[in-house]
Amino acid sequence: MADMHLTKAPDNKLVILDCDGVLYPTSQLTLQEIMDAFEKTRHQLGISEQECQEGSAKAKNAQHLGIFNRILHICRHVGLPEDIFFKRCVENIDYSRITPAPELLANIRRLADEFPVCVLTNNHAFHLARVLDARFGAYEKNFIIPNFEKRKHMRYGNNPIPCYDITSTANDNGWYQPKQSKKGLMRFLKARGVQPQNAVLLDDTPYLIELAQTKGLRAKLVSADHPLERRLIEVRAELTKEKIHG
Ligand SMILES: [Mg+2]
């Protein structure tokens, strides 16, 4: 098999975790609450409904998918630095229902001790920082967090955000490449030098699972029936087996 050497190299494996609905269950923070926070932020910053529609139309015309590209277009349309929007936005989200999960962190660390683990989210870095803080109480140094790459000045608690992920992969010329976009996942893997068959995606969006599978990734749905804890154990067992047997 032509690509056998690739699957033999454990260093080239990569486990990709989604944030919302995977690092924490959506019952602790719903997508609707996040959307409501966007809407509230828009009001607070004085962005009108019409400006919102104009910005959204620009995003649509440019085929920049996803809510974050829409916000970027709206912010640029009204001349507002997007960080101001996103900073205000996380202030409008209630993270207090997200419960600490030390056991889960221990499981992630167990996997990350042997294989690279990253978090790849379509959500904003400011949001991810708040989730990690609420869930794990600390920035997890084993995580590779692509959406932080752009923000080397940003600090998470007392820890600097890692600088080793210099190439922004979720970012395309200033626009996001969300996971559902044509190039999103592949661009991310390419930048990390990981072959699709060596990547495992754990996500709670069935559509993304299917999409990843069509691109040749291994992808597993995280749901109430298949919680992340169990998926982590499964993935560790599979990857360990491959490492031993090649
Ligand atoms: Mg999700």
# chains A, B, ... in the order shown; residues from 1 in each chain; ligands from 1
$ residues_near_ligand --ligand "ligand 1" --cutoff "7 Å" --atoms "only C-alpha atoms and all ligand atoms" --output "number ranges by chain"
A: 18-22, 203-205
$ residues_around --residues "A:Ile34" --least-positions-apart "3" --cutoff "9 Å" --atoms "only C-alpha atoms" --output "PyMOL selection string"
chain A and resi 29-31+37-39+89-90+92-94
$ atom_distance --atom1 "atom CA of A:His226" --atom2 "atom CA of A:Lys183"
27.6 Å
$ residues_around --residues "A:Ile233" --least-positions-apart "6" --cutoff "12 Å" --atoms "only C-alpha atoms" --output "list of chain:residue names"
A:Leu104, A:Ala106, A:Asn107, A:Ile108, A:Arg109, A:Arg110, A:Leu111, A:Ala112, A:His226, A:Pro227, A:Leu239, A:Thr240
$ residues_around --residues "stretch 212-216 of chain A" --least-positions-apart "3" --cutoff "7 Å" --atoms "only C-alpha atoms" --output "PyMOL selection string"
chain A and resi 196-197+208-209+219
$ atom_distance --atom1 "atom CA of A:Ala101" --atom2 "atom CA of A:Gln28"
12.4 Å
